[in-house]
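Participant: Next comes the structure file final.txt, holding compact mmCIF, C-alpha atoms and all ligand atoms.
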# COMPACT_ATOMS: atom_id res chain seq x y z
CA MET A 1 -173.58 -41.95 33.11
CA PHE A 2 -172.29 -45.23 31.73
CA THR A 3 -174.83 -47.95 31.02
CA ALA A 4 -174.12 -51.61 31.64
CA GLU A 5 -173.54 -52.12 27.88
CA GLN A 6 -170.98 -49.33 27.70
CA ALA A 7 -169.01 -50.35 30.78
CA GLU A 8 -165.74 -51.99 29.85
CA ILE A 9 -165.01 -55.51 31.11
CA GLN A 10 -161.51 -55.48 32.50
CA LEU A 11 -160.05 -58.93 32.91
CA SER A 12 -157.18 -59.55 35.29
CA ARG A 13 -153.60 -59.66 34.03
CA ARG A 14 -153.62 -63.37 34.88
CA ALA A 15 -156.72 -64.00 32.76
CA HIS A 16 -154.91 -62.47 29.79
CA LEU A 17 -151.87 -64.64 30.47
CA ALA A 18 -154.11 -67.75 30.58
CA ALA A 19 -155.62 -67.14 27.15
CA GLY A 20 -154.78 -69.73 24.51
CA GLN A 21 -153.74 -72.53 26.90
CA PRO A 22 -153.94 -75.75 24.88
CA ILE A 23 -155.18 -78.46 27.26
CA SER A 24 -158.92 -77.66 27.24
CA THR A 25 -158.91 -77.23 23.45
CA LEU A 26 -157.17 -80.56 22.92
CA MET A 27 -159.52 -82.42 25.26
CA ALA A 28 -162.60 -80.79 23.71
CA GLN A 29 -161.32 -81.50 20.17
CA ALA A 30 -160.95 -85.18 21.04
CA LEU A 31 -164.44 -85.40 22.58
CA ALA A 32 -166.13 -83.40 19.81
CA ASN A 33 -164.70 -85.51 16.97
CA PRO A 34 -165.23 -89.11 18.05
CA GLU A 35 -164.31 -90.31 14.55
CA LEU A 36 -160.85 -88.80 15.01
CA ILE A 37 -158.33 -91.23 16.52
CA SER A 38 -157.03 -89.11 19.36
CA LEU A 39 -153.51 -90.00 20.33
CA ALA A 40 -153.43 -86.60 22.03
CA ALA A 41 -155.28 -86.07 25.29
CA GLY A 42 -154.01 -88.07 28.25
CA PHE A 43 -157.38 -89.64 29.13
CA VAL A 44 -157.08 -93.03 30.80
CA ASP A 45 -158.21 -96.39 29.44
CA GLN A 46 -162.01 -96.47 29.52
CA ALA A 47 -162.43 -100.25 29.82
CA SER A 48 -160.27 -100.66 32.92
CA LEU A 49 -161.90 -97.89 34.96
CA PRO A 50 -162.84 -99.46 38.32
CA VAL A 51 -166.62 -99.58 37.91
CA GLU A 52 -167.31 -102.60 40.11
CA LEU A 53 -164.80 -101.80 42.82
CA THR A 54 -166.10 -98.23 43.10
CA GLY A 55 -169.73 -99.36 43.08
CA GLU A 56 -169.14 -101.91 45.82
CA THR A 57 -167.17 -99.43 47.88
CA VAL A 58 -169.91 -96.81 47.66
CA ARG A 59 -172.53 -99.41 48.60
CA GLU A 60 -170.48 -100.43 51.64
CA MET A 61 -170.07 -96.82 52.63
CA PHE A 62 -173.79 -96.19 52.33
CA ALA A 63 -174.68 -99.31 54.28
CA ASP A 64 -173.39 -97.41 57.29
CA PRO A 65 -175.39 -94.14 57.60
CA THR A 66 -172.85 -92.58 59.96
CA ALA A 67 -169.99 -93.22 57.51
CA ALA A 68 -172.14 -92.01 54.61
CA ARG A 69 -173.04 -88.77 56.40
CA ALA A 70 -169.39 -88.15 57.27
CA ALA A 71 -168.48 -88.51 53.60
CA LEU A 72 -171.32 -86.27 52.47
CA GLN A 73 -170.33 -83.48 54.87
CA TYR A 74 -167.58 -80.87 54.34
CA GLY A 75 -164.14 -82.07 55.40
CA THR A 76 -161.10 -80.04 56.40
CA THR A 77 -158.61 -78.01 54.36
CA VAL A 78 -155.76 -80.47 54.95
CA GLY A 79 -157.82 -83.56 54.13
CA PHE A 80 -159.33 -86.70 55.66
CA PRO A 81 -156.98 -87.89 58.48
CA PRO A 82 -157.29 -91.66 57.86
CA LEU A 83 -156.47 -91.13 54.17
CA ARG A 84 -153.40 -89.10 55.12
CA GLU A 85 -152.36 -91.94 57.50
CA ALA A 86 -152.82 -94.46 54.69
CA LEU A 87 -150.77 -92.31 52.30
CA LEU A 88 -147.92 -92.11 54.81
CA GLU A 89 -147.91 -95.89 55.25
CA TRP A 90 -148.03 -96.39 51.49
CA MET A 91 -145.08 -94.05 50.94
CA ARG A 92 -143.12 -95.87 53.65
CA ALA A 93 -143.77 -99.15 51.88
CA GLN A 94 -142.97 -97.82 48.38
CA ASP A 95 -139.74 -96.09 49.38
CA ALA A 96 -138.61 -98.55 52.07
CA ARG A 97 -135.35 -99.31 50.25
CA ALA A 98 -134.16 -95.68 50.58
CA SER A 99 -136.03 -94.37 53.62
CA ARG A 100 -138.49 -95.31 56.34
CA TYR A 101 -139.31 -91.64 56.75
CA PRO A 102 -138.65 -91.50 60.49
CA ASN A 103 -139.37 -87.76 60.62
CA LEU A 104 -142.33 -87.63 58.28
CA THR A 105 -145.76 -87.31 59.86
CA THR A 106 -149.26 -86.88 58.50
CA ASP A 107 -148.95 -83.15 59.35
CA GLN A 108 -146.91 -82.77 56.16
CA ILE A 109 -149.43 -84.58 54.00
CA VAL A 110 -152.24 -82.61 52.38
CA VAL A 111 -155.01 -84.08 50.22
CA THR A 112 -156.05 -82.10 47.14
CA ALA A 113 -158.51 -82.30 44.25
CA GLY A 114 -156.00 -84.01 41.98
CA SER A 115 -152.30 -83.26 41.91
CA ASN A 116 -152.91 -80.38 39.55
CA GLN A 117 -154.53 -78.51 42.42
CA LEU A 118 -151.51 -79.18 44.61
CA LEU A 119 -149.18 -77.91 41.87
CA GLN A 120 -151.32 -74.80 41.40
CA ILE A 121 -151.49 -74.00 45.12
CA VAL A 122 -147.77 -74.59 45.62
CA ALA A 123 -147.05 -72.30 42.67
CA ASP A 124 -149.38 -69.64 44.09
CA THR A 125 -147.66 -69.94 47.45
CA LEU A 126 -144.09 -69.71 46.18
CA PHE A 127 -143.80 -67.68 43.01
CA GLU A 128 -143.79 -64.01 42.13
CA PRO A 129 -143.69 -62.71 38.55
CA GLY A 130 -140.09 -62.84 37.33
CA ASP A 131 -139.14 -65.79 39.56
CA ILE A 132 -137.44 -68.69 37.81
CA VAL A 133 -138.43 -72.36 37.74
CA LEU A 134 -136.10 -74.83 36.06
CA CYS A 135 -137.92 -77.64 34.25
CA ALA A 136 -136.93 -80.67 32.26
CA ALA A 137 -137.12 -79.85 28.55
CA PRO A 138 -139.70 -81.05 27.55
CA SER A 139 -142.09 -80.98 30.56
CA TYR A 140 -145.78 -81.42 31.53
CA PHE A 141 -147.34 -78.59 29.57
CA VAL A 142 -150.26 -77.88 31.88
CA PHE A 143 -147.89 -76.99 34.71
CA LEU A 144 -145.79 -74.91 32.31
CA GLY A 145 -149.02 -73.01 31.61
CA THR A 146 -149.70 -72.57 35.35
CA LEU A 147 -146.24 -71.10 35.76
CA ALA A 148 -146.54 -68.82 32.72
CA ASN A 149 -149.87 -67.66 34.13
CA LEU A 150 -148.06 -66.46 37.24
CA GLY A 151 -145.46 -64.60 35.20
CA VAL A 152 -142.78 -67.14 36.13
CA ARG A 153 -139.77 -67.60 33.83
CA THR A 154 -139.43 -71.27 32.93
CA ILE A 155 -136.00 -72.44 31.83
CA GLY A 156 -135.44 -75.83 30.20
CA VAL A 157 -132.76 -78.26 31.38
CA ALA A 158 -131.56 -80.97 29.01
CA THR A 159 -132.79 -84.54 29.44
CA ASP A 160 -131.63 -87.81 27.94
CA GLU A 161 -133.02 -91.35 28.10
CA GLU A 162 -132.24 -91.46 31.85
CA GLY A 163 -134.12 -88.22 32.59
CA LEU A 164 -132.81 -84.84 33.67
CA VAL A 165 -129.06 -84.57 33.10
CA PRO A 166 -127.32 -83.58 36.39
CA GLU A 167 -124.38 -81.90 34.61
CA ALA A 168 -126.76 -79.81 32.50
CA LEU A 169 -128.59 -78.73 35.67
CA ASP A 170 -125.32 -77.71 37.32
CA GLU A 171 -124.29 -75.73 34.23
CA CYS A 172 -127.68 -74.05 34.13
CA PHE A 173 -127.27 -72.91 37.75
CA ALA A 174 -123.76 -71.65 36.98
CA ARG A 175 -125.03 -69.62 34.01
CA LEU A 176 -127.83 -68.13 36.09
CA GLU A 177 -125.39 -67.22 38.85
CA ALA A 178 -123.07 -65.52 36.35
CA ALA A 179 -126.02 -63.53 35.03
CA GLY A 180 -126.98 -62.47 38.57
CA ASP A 181 -130.25 -64.42 38.35
CA LEU A 182 -129.59 -67.14 40.93
CA PRO A 183 -131.62 -65.41 43.68
CA ARG A 184 -134.69 -65.60 41.44
CA VAL A 185 -134.48 -69.40 41.07
CA LYS A 186 -137.17 -70.83 43.35
CA SER A 187 -137.67 -74.41 42.17
CA LEU A 188 -136.83 -77.29 39.91
CA TYR A 189 -139.85 -79.17 38.52
CA CYS A 190 -139.39 -82.82 37.63
CA VAL A 191 -141.82 -85.64 36.71
CA SER A 192 -139.71 -88.44 38.13
CA TYR A 193 -141.54 -91.55 36.83
CA PHE A 194 -142.53 -92.21 33.19
CA ASP A 195 -142.90 -88.53 32.59
CA ASN A 196 -145.36 -86.56 30.60
CA PRO A 197 -144.53 -86.07 27.72
CA CYS A 198 -141.54 -88.43 27.16
CA GLY A 199 -142.33 -91.53 29.21
CA ILE A 200 -138.84 -91.33 30.74
CA SER A 201 -138.06 -92.09 34.38
CA LEU A 202 -135.27 -90.35 36.22
CA ALA A 203 -132.51 -92.93 36.81
CA GLU A 204 -132.14 -93.93 40.44
CA ASP A 205 -128.51 -92.82 40.75
CA ARG A 206 -129.40 -89.37 39.39
CA ARG A 207 -131.99 -88.73 42.09
CA PRO A 208 -129.62 -88.03 45.02
CA ARG A 209 -127.19 -86.28 42.65
CA ILE A 210 -129.82 -83.85 41.46
CA LEU A 211 -130.89 -83.18 45.02
CA ASP A 212 -127.29 -82.49 46.03
CA ILE A 213 -126.90 -80.05 43.15
CA VAL A 214 -130.09 -78.21 44.08
CA LYS A 215 -129.11 -78.05 47.74
CA ARG A 216 -125.64 -76.76 46.81
CA TRP A 217 -127.07 -73.90 44.73
CA SER A 218 -129.72 -73.13 47.34
CA GLN A 219 -127.86 -70.17 48.83
CA GLU A 220 -129.52 -66.77 49.15
CA THR A 221 -132.90 -68.20 48.10
CA HIS A 222 -134.14 -71.62 49.16
CA ILE A 223 -134.69 -73.78 46.09
CA PHE A 224 -137.32 -76.51 46.19
CA VAL A 225 -137.64 -79.58 44.01
CA ILE A 226 -141.23 -80.14 42.94
CA GLU A 227 -141.33 -83.89 42.34
CA ASP A 228 -144.42 -84.97 40.37
CA VAL A 229 -145.02 -88.72 40.73
CA ALA A 230 -148.29 -88.87 38.72
CA TYR A 231 -147.30 -91.99 36.77
CA ARG A 232 -145.38 -93.96 39.40
CA GLU A 233 -147.86 -96.85 39.51
CA LEU A 234 -148.09 -97.22 35.72
CA ARG A 235 -144.94 -99.33 35.39
CA TYR A 236 -144.91 -102.07 32.75
CA ALA A 237 -141.29 -103.23 32.96
CA GLY A 238 -138.44 -103.10 35.47
CA ASP A 239 -138.56 -102.44 39.21
CA ASP A 240 -139.90 -99.46 41.09
CA VAL A 241 -137.24 -97.05 42.39
CA PRO A 242 -137.43 -94.78 45.44
CA SER A 243 -138.79 -91.28 44.97
CA MET A 244 -136.54 -88.22 45.11
CA ARG A 245 -138.32 -87.39 48.37
CA ALA A 246 -136.80 -90.56 49.85
CA PHE A 247 -133.31 -89.13 49.28
CA ASP A 248 -134.16 -85.78 50.87
CA GLU A 249 -132.98 -86.67 54.35
CA THR A 250 -133.64 -83.24 55.83
CA GLY A 251 -137.06 -83.17 54.17
CA ASP A 252 -136.75 -79.45 53.48
CA THR A 253 -136.25 -79.54 49.73
CA VAL A 254 -138.66 -81.91 47.96
CA ILE A 255 -142.35 -81.13 47.52
CA LEU A 256 -143.94 -84.36 46.31
CA ALA A 257 -147.16 -84.29 44.25
CA GLY A 258 -149.09 -87.55 43.83
CA THR A 259 -152.44 -88.54 42.36
CA PHE A 260 -154.95 -91.38 42.07
CA SER A 261 -156.10 -90.04 38.69
CA LYS A 262 -153.92 -92.39 36.66
CA SER A 263 -153.84 -95.38 39.01
CA TYR A 264 -157.55 -95.31 39.87
CA SER A 265 -159.87 -92.69 38.36
CA PRO A 266 -159.50 -89.11 37.16
CA GLY A 267 -163.25 -88.63 37.65
CA ILE A 268 -162.73 -89.03 41.39
CA ARG A 269 -159.72 -86.71 41.21
CA VAL A 270 -157.89 -87.21 44.48
CA GLY A 271 -154.30 -86.09 44.74
CA TRP A 272 -151.93 -85.33 47.57
CA GLY A 273 -148.84 -83.41 48.49
CA VAL A 274 -145.97 -84.12 50.86
CA LEU A 275 -144.65 -80.77 51.98
CA PRO A 276 -141.51 -79.57 53.70
CA ASP A 277 -142.39 -78.35 57.23
CA ALA A 278 -141.86 -74.70 56.32
CA LEU A 279 -144.50 -74.88 53.59
CA VAL A 280 -147.29 -76.63 55.50
CA GLU A 281 -148.84 -73.50 57.01
CA PRO A 282 -148.53 -71.23 53.95
CA VAL A 283 -149.87 -73.89 51.56
CA LEU A 284 -152.81 -74.66 53.84
CA ALA A 285 -153.57 -70.95 54.26
CA MET A 286 -153.65 -70.61 50.47
CA LYS A 287 -155.75 -73.76 50.10
CA GLY A 288 -158.18 -72.49 52.71
CA ASN A 289 -158.86 -69.53 50.46
CA VAL A 290 -159.32 -71.84 47.46
CA ASP A 291 -161.64 -74.58 48.74
CA PHE A 292 -161.30 -75.01 52.55
CA GLY A 293 -161.28 -78.75 51.84
CA SER A 294 -161.22 -80.79 48.62
CA PRO A 295 -164.26 -83.00 47.90
CA ASN A 296 -164.66 -85.09 51.03
CA PHE A 297 -166.73 -87.85 49.44
CA ALA A 298 -163.90 -88.64 47.01
CA GLN A 299 -161.39 -88.82 49.88
CA HIS A 300 -163.54 -91.22 51.92
CA LEU A 301 -164.03 -93.34 48.83
CA ILE A 302 -160.33 -93.58 47.99
CA HIS A 303 -159.52 -94.34 51.62
CA ARG A 304 -161.96 -97.26 51.60
CA VAL A 305 -160.53 -98.54 48.33
CA LEU A 306 -157.01 -98.52 49.81
CA GLN A 307 -158.25 -100.21 53.00
CA SER A 308 -160.09 -102.89 51.01
CA GLY A 309 -156.76 -104.33 49.89
CA ARG A 310 -158.07 -104.40 46.30
CA PHE A 311 -156.21 -101.36 45.04
CA ASP A 312 -153.02 -103.30 44.23
CA ALA A 313 -154.93 -105.90 42.24
CA HIS A 314 -156.61 -103.11 40.30
CA VAL A 315 -153.25 -101.51 39.48
CA GLU A 316 -151.92 -104.89 38.37
CA ARG A 317 -154.83 -105.25 35.93
CA LEU A 318 -154.24 -101.72 34.66
CA ARG A 319 -150.62 -102.52 34.00
CA GLY A 320 -151.64 -105.52 31.94
CA ALA A 321 -154.07 -103.43 29.86
CA TYR A 322 -151.64 -100.58 29.24
CA ARG A 323 -148.71 -102.88 28.48
CA VAL A 324 -150.67 -104.28 25.53
CA LYS A 325 -151.43 -100.77 24.26
CA MET A 326 -147.88 -99.56 24.71
CA ASP A 327 -146.60 -102.58 22.81
CA ALA A 328 -149.13 -101.87 20.05
CA MET A 329 -147.88 -98.30 19.74
CA LEU A 330 -144.22 -99.30 19.73
CA ALA A 331 -144.85 -102.04 17.15
CA ALA A 332 -146.73 -99.54 14.95
CA ALA A 333 -143.89 -97.04 15.36
CA GLU A 334 -141.49 -99.72 14.07
CA GLU A 335 -143.79 -100.55 11.18
CA PHE A 336 -144.80 -97.06 10.05
CA LEU A 337 -142.36 -94.52 11.48
CA ARG A 338 -139.13 -96.50 11.14
CA PRO A 339 -139.17 -96.32 7.33
CA LEU A 340 -139.41 -92.51 7.50
CA ASP A 341 -136.04 -90.95 7.05
CA GLY A 342 -134.92 -89.27 10.28
CA GLY A 343 -137.84 -90.17 12.56
CA ARG A 344 -137.08 -91.47 16.07
CA TRP A 345 -138.88 -92.13 19.35
CA ILE A 346 -138.22 -93.16 22.90
CA ALA A 347 -139.55 -96.58 24.00
CA PRO A 348 -141.01 -96.05 27.50
CA ARG A 349 -141.30 -98.65 30.27
CA GLY A 350 -144.42 -97.15 31.79
CA GLY A 351 -146.78 -94.17 31.79
CA LEU A 352 -149.07 -93.22 28.92
CA TYR A 353 -146.87 -91.51 26.35
CA VAL A 354 -144.45 -91.98 23.49
CA TRP A 355 -142.37 -88.99 22.44
CA VAL A 356 -141.57 -88.80 18.74
CA GLU A 357 -139.06 -86.64 16.89
CA LEU A 358 -139.71 -86.35 13.17
CA PRO A 359 -137.13 -85.58 10.52
CA PRO A 360 -135.51 -82.20 11.23
CA GLY A 361 -137.35 -79.43 9.44
CA VAL A 362 -140.83 -80.95 9.83
CA ASN A 363 -142.96 -78.44 11.69
CA ALA A 364 -145.27 -80.51 13.93
CA GLY A 365 -146.55 -77.37 15.69
CA PRO A 366 -150.22 -76.31 15.87
CA GLN A 367 -149.74 -73.87 12.96
CA GLY A 368 -147.60 -76.25 10.90
CA ARG A 369 -148.87 -78.28 7.92
CA LEU A 370 -148.52 -81.63 9.64
CA PHE A 371 -151.01 -80.90 12.44
CA ALA A 372 -153.75 -80.09 9.89
CA GLU A 373 -152.69 -82.90 7.55
CA ALA A 374 -152.81 -85.43 10.43
CA GLN A 375 -156.32 -84.32 11.41
CA ASN A 376 -157.43 -84.63 7.79
CA ALA A 377 -156.06 -88.15 7.90
CA GLY A 378 -158.10 -88.76 11.07
CA VAL A 379 -155.50 -88.57 13.84
CA LEU A 380 -154.79 -86.05 16.59
CA TYR A 381 -151.53 -85.61 18.52
CA VAL A 382 -150.08 -83.08 20.97
CA PRO A 383 -147.58 -80.78 19.26
CA GLY A 384 -144.30 -81.17 21.14
CA GLU A 385 -143.66 -77.45 21.15
CA TYR A 386 -146.36 -77.02 23.82
CA CYS A 387 -144.14 -79.00 26.15
CA TYR A 388 -141.08 -76.75 26.18
CA PRO A 389 -140.27 -74.21 28.86
CA GLN A 390 -140.01 -70.61 27.67
CA GLU A 391 -136.21 -70.60 27.51
CA GLY A 392 -133.84 -73.23 26.14
CA VAL A 393 -134.14 -75.68 23.28
CA ARG A 394 -137.52 -76.13 21.56
CA LYS A 395 -137.87 -78.92 19.03
CA THR A 396 -140.74 -78.03 16.71
CA ASN A 397 -140.35 -81.38 14.93
CA SER A 398 -141.51 -83.25 18.06
CA LEU A 399 -144.87 -84.63 19.13
CA ARG A 400 -146.42 -86.48 22.03
CA LEU A 401 -148.54 -89.56 21.46
CA SER A 402 -150.72 -91.17 24.11
CA PHE A 403 -151.64 -94.85 24.05
CA GLY A 404 -154.00 -94.55 27.04
CA VAL A 405 -157.38 -94.30 25.39
CA GLN A 406 -157.41 -96.04 22.02
CA SER A 407 -157.67 -99.77 21.37
CA PRO A 408 -154.57 -101.52 19.99
CA GLN A 409 -156.30 -101.63 16.57
CA ASN A 410 -157.00 -97.91 16.62
CA ILE A 411 -153.49 -97.17 17.80
CA ARG A 412 -152.16 -99.01 14.75
CA ARG A 413 -154.58 -97.21 12.42
CA GLY A 414 -153.71 -93.86 13.99
CA MET A 415 -149.98 -94.47 13.61
CA GLU A 416 -150.43 -95.48 9.99
CA ALA A 417 -152.44 -92.30 9.34
CA LEU A 418 -149.81 -90.21 11.10
CA ALA A 419 -146.99 -91.71 9.05
CA GLY A 420 -149.02 -91.05 5.88
CA ALA A 421 -149.41 -87.41 6.89
CA VAL A 422 -145.67 -87.12 7.57
CA ARG A 423 -144.91 -88.60 4.14
CA ARG A 424 -147.20 -86.11 2.43
CA VAL A 425 -145.62 -83.19 4.30
CA THR A 426 -142.04 -84.30 3.68
CA GLY A 427 -142.64 -85.60 0.17
CA GLN A 428 -141.16 -89.00 1.14
C1 LIG B 1 -147.32 -85.09 34.94
C2 LIG B 1 -148.70 -84.83 35.44
N1 LIG B 1 -148.87 -84.28 36.63
C3 LIG B 1 -150.09 -84.02 37.12
C4 LIG B 1 -151.22 -84.31 36.40
C5 LIG B 1 -152.56 -83.93 36.99
O1 LIG B 1 -153.35 -84.97 37.33
P1 LIG B 1 -154.57 -84.82 38.31
O2 LIG B 1 -154.81 -83.37 38.58
O3 LIG B 1 -155.71 -85.46 37.64
O4 LIG B 1 -154.14 -85.51 39.57
C6 LIG B 1 -151.11 -84.90 35.13
C7 LIG B 1 -152.30 -85.18 34.31
O5 LIG B 1 -152.24 -85.56 33.18
C8 LIG B 1 -149.81 -85.16 34.64
O6 LIG B 1 -149.62 -85.70 33.43
Show me the file's structure as structure tokens.

Facilitator:
Amino acid sequence: MFTAEQAEIQLSRRAHLAAGQPISTLMAQALANPELISLAAGFVDQASLPVELTGETVREMFADPTAARAALQYGTTVGFPPLREALLEWMRAQDARASRYPNLTTDQIVVTAGSNQLLQIVADTLFEPGDIVLCAAPSYFVFLGTLANLGVRTIGVATDEEGLVPEALDECFARLEAAGDLPRVKSLYCVSYFDNPCGISLAEDRRPRILDIVKRWSQETHIFVIEDVAYRELRYAGDDVPSMRAFDETGDTVILAGTFSKSYSPGIRVGWGVLPDALVEPVLAMKGNVDFGSPNFAQHLIHRVLQSGRFDAHVERLRGAYRVKMDAMLAAAEEFLRPLDGGRWIAPRGGLYVWVELPPGVNAGPQGRLFAEAQNAGVLYVPGEYCYPQEGVRKTNSLRLSFGVQSPQNIRRGMEALAGAVRRVTGQ
């Protein structure tokens, strides 16, 4: 007879694959060491969180007991219908230049608990171990972790200052075909606006080209584009451009993942997906098993905020606040990183991040000297190596900095401390 103490705990294969994922550690590290200037975790700006607007909206909602009870009850797996209507109208307005979406209906729109949930459920619906997902190199590391957790092979495609390089994508497909691996390619993942981690947006003219390439290589196996638009609203310069979904005339290729976490509040955590017809049923079946409906209260709240007409003004204020912080980080990069021999960075026009490449040979990874040295100097960053797909280039001298949380003064102090740490490690 075995006793409870003797019995062996057997975790699932997926639990073993999940071990060591960095996001929770980084977020906890930042919260546990408030004296550390965290330029790491992608928290949003504390001061511009919509306290008043949310408070007023909740009060309005609760002034009407019927509306309040509806929000406090379970909803449906697919999400609150009026919110899905509002999302469709919003998308039509945002992408009007490229498409009016004549064939898109609310049936293809699903509301989730943040876009991360949508990404997770889509991945669960589509991928088997050994399947291949092509990703920009570097890419959003949490989704890379989700994919690794499913046993998916992630392959990096080169990017430049205009985003994913179409020729590199085409070459990657050709190589995979020559190796007999094309049938295992299921998707391309792309953060199309001010991406995480580089802050780069995919150039408008590349959007239809990339779609054409994907559709051309979609032969034996249908290949989807997972377009993540998490940072679309956080634009501080230039004009908005249509989404990749707007160029997908047949609507059978792009899966769009959106969120109100960055533009409104990650505590409310409402995201959404726009799905190709063929995926609606399977994704909803999977979601039914996960939560049979994401938090309904949050969906009613966001719907009211959109209806109030005050969402746009809020986003405009956010842009103003983040623009100041981004400028502070870029000015500090000029002041402290420019003098370092071989350091370079990409100046974003939106989002929350600045991607830095240090002199070749500097190991900015979690086990490297710089990571520890920077923390001793009081600053935390995300090692760039977390952000690379499993296969392809991996620059260990890279790091991701976020300007979302810290004040302009702290950003400057953090950048100075970081540059000091780099100097000590490189002996400059
Ligand atoms: C590129 C990208 N996609 C998706 C998400 C997930 O956001 P949420 O689940 O809060 O909507 C994030 C969060 O940082 C992100 O950076």

Participant: 7 Å from ligand LIG 1 (chain B) is the threshold here; counting only C-alpha atoms and all ligand atoms, which polymer residues fall inside it? Answer as a ChimeraX atom specification.

Facilitator: /A:42,113-117,140,191,195-196,228,230,258-261,266,269-271

Participant: Would you write out those residues with C-alpha atoms, as a short mmCIF file (atom, residue, chain, number, x, y, z; two decimals), in the coordinates of the input?

Facilitator:
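File selection30.cif, as written:
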data_model
loop_
_atom_site.label_atom_id
_atom_site.label_comp_id
_atom_site.auth_asym_id
_atom_site.auth_seq_id
_atom_site.Cartn_x
_atom_site.Cartn_y
_atom_site.Cartn_z
CA GLY A 42 -154.01 -88.07 28.25
CA ALA A 113 -158.51 -82.30 44.25
CA GLY A 114 -156.00 -84.01 41.98
CA SER A 115 -152.30 -83.26 41.91
CA ASN A 116 -152.91 -80.38 39.55
CA GLN A 117 -154.53 -78.51 42.42
CA TYR A 140 -145.78 -81.42 31.53
CA VAL A 191 -141.82 -85.64 36.71
CA ASP A 195 -142.90 -88.53 32.59
CA ASN A 196 -145.36 -86.56 30.60
CA ASP A 228 -144.42 -84.97 40.37
CA ALA A 230 -148.29 -88.87 38.72
CA GLY A 258 -149.09 -87.55 43.83
CA THR A 259 -152.44 -88.54 42.36
CA PHE A 260 -154.95 -91.38 42.07
CA SER A 261 -156.10 -90.04 38.69
CA PRO A 266 -159.50 -89.11 37.16
CA ARG A 269 -159.72 -86.71 41.21
CA VAL A 270 -157.89 -87.21 44.48
CA GLY A 271 -154.30 -86.09 44.74
#

Participant: Report, as AutoDock Vina command-line options, the centre and edge lengths in Å (one decimal) of the axis-aligned box enclosing every listed atom of segment 422-425 of chain A, padded by 4 Å on each side.

Facilitator:
--center_x -146.1 --center_y -85.9 --center_z 5.0 --size_x 10.3 --size_y 13.4 --size_z 13.1

Participant: Between atom CA of Trp355 of chain A and atom CA of Gln428 of chain A, what is the spacing in Å?

Facilitator: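 The value is 21.3 Å.
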
Participant: Could you state the separation of atom CA of Asp64 of chain A and atom CA of Phe292 of chain A in Å, given to one decimal place?

Facilitator: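 So the answer is 25.9 Å.
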
Participant: Could you check the closest approach to Asp131 of chain A for each of A:Leu31, A:Leu150, A:Leu275, A:Leu72 and tell me which residue wins, using only C-alpha atoms?

Facilitator: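 The shortest atom-to-atom distance to Asp131 of chain A comes from A:Leu150.
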
Participant: Quick one: pull the distance between atom CA of Tyr322 of chain A and atom CA of Arg412 of chain A, Å, one decimal.

Facilitator: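 Interatomic distance, atom CA of Tyr322 of chain A to atom CA of Arg412 of chain A: 14.6 Å.
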
Participant: Taking a cut-off of 8 Å and counting all atoms listed in the file, can you build a table that, for each residue of segment 4-78 of chain A near segment 305-314 of chain A, reports the nearest atom pair and how far apart they are in Å (one decimal), sorted by chain then residue number, as a Markdown table?

Facilitator:
| residue | atom | partner | partner_atom | distance |
| --- | --- | --- | --- | --- |
| A:Pro50 | CA | A:His314 | CA | 7.5 |
| A:Leu53 | CA | A:Val305 | CA | 7.7 |
| A:Thr54 | CA | A:Val305 | CA | 7.6 |
| A:Thr57 | CA | A:Val305 | CA | 6.7 |

Participant: Env of Asp170 of chain A: 12 Å cut, atoms = all atoms listed in the file, seq-sep filter 5 positions within chain, self excluded. Answer as a list of chain:residue names.

Facilitator: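 Listed by chain and then number, they are A:Leu134, A:Val157, A:Ala158, A:Leu164, A:Val165, A:Arg175, A:Leu176, A:Glu177, A:Leu182, A:Leu188, A:Arg209, A:Ile210, A:Leu211, A:Asp212, A:Ile213, A:Val214, A:Lys215, A:Arg216, A:Trp217, A:Ser218.
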
Participant: In the coordinate frame of the file, compute which residues have an atom within 10 Å of (-153.3, -87.5, 20.7) when using all atoms listed in the file, and state them as number ranges by chain.

Facilitator: A: 26-27, 30, 36-43, 353, 379-383, 399-406, 414

Participant: Just checking: using only C-alpha atoms, which residue out of A:Gly156, A:Gly238, A:Gly75, A:Pro22 ends up closest to Val393 of chain A?

Facilitator: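 Closest candidate: A:Gly156.
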
Participant: Measuring between all atoms listed in the file, which one of A:Gly79, A:Pro102, A:Asp327, A:Gly392 shows the shortest distance to Ser294 of chain A?

Facilitator: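 The shortest atom-to-atom distance to Ser294 of chain A comes from A:Gly79.
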
Participant: Using all atoms listed in the file, which of the listed residues (A:Ser48, A:Ser243, A:Tyr264, A:Gln409) sits closest to Ile302 of chain A?

Facilitator: A:Tyr264

Participant: Taking 4 positions as the minimum chain separation for residues in the same chain, which residues sit within 8 Å of Ala123 of chain A when counting only C-alpha atoms? Answer as a list in words.

Facilitator: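 So the residues in contact are Leu119, Phe127, Thr146 and Leu147 of chain A.
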
Participant: So, with all atoms listed in the file as the atoms that count, which of A:Arg13, A:Leu49, A:Asp124, A:Pro242 lies closest to Gln94 of chain A?

Facilitator: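 The answer is A:Pro242, which sits nearest to Gln94 of chain A.
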
Participant: Which polymer residues have any atom within 8 Å of an atom of segment 365-375 of chain A, counting all atoms listed in the file, with same-chain residues fewer than 2 positions away left out, as a list in words?

Facilitator: Leu36, Val362, Asn363, Ala377, Gly378, Val379, Leu380, Tyr381, Pro383, Gly384, Glu385, Thr396, Asn397, Ala417, Leu418, Ala421, Val422 and Val425 of chain A
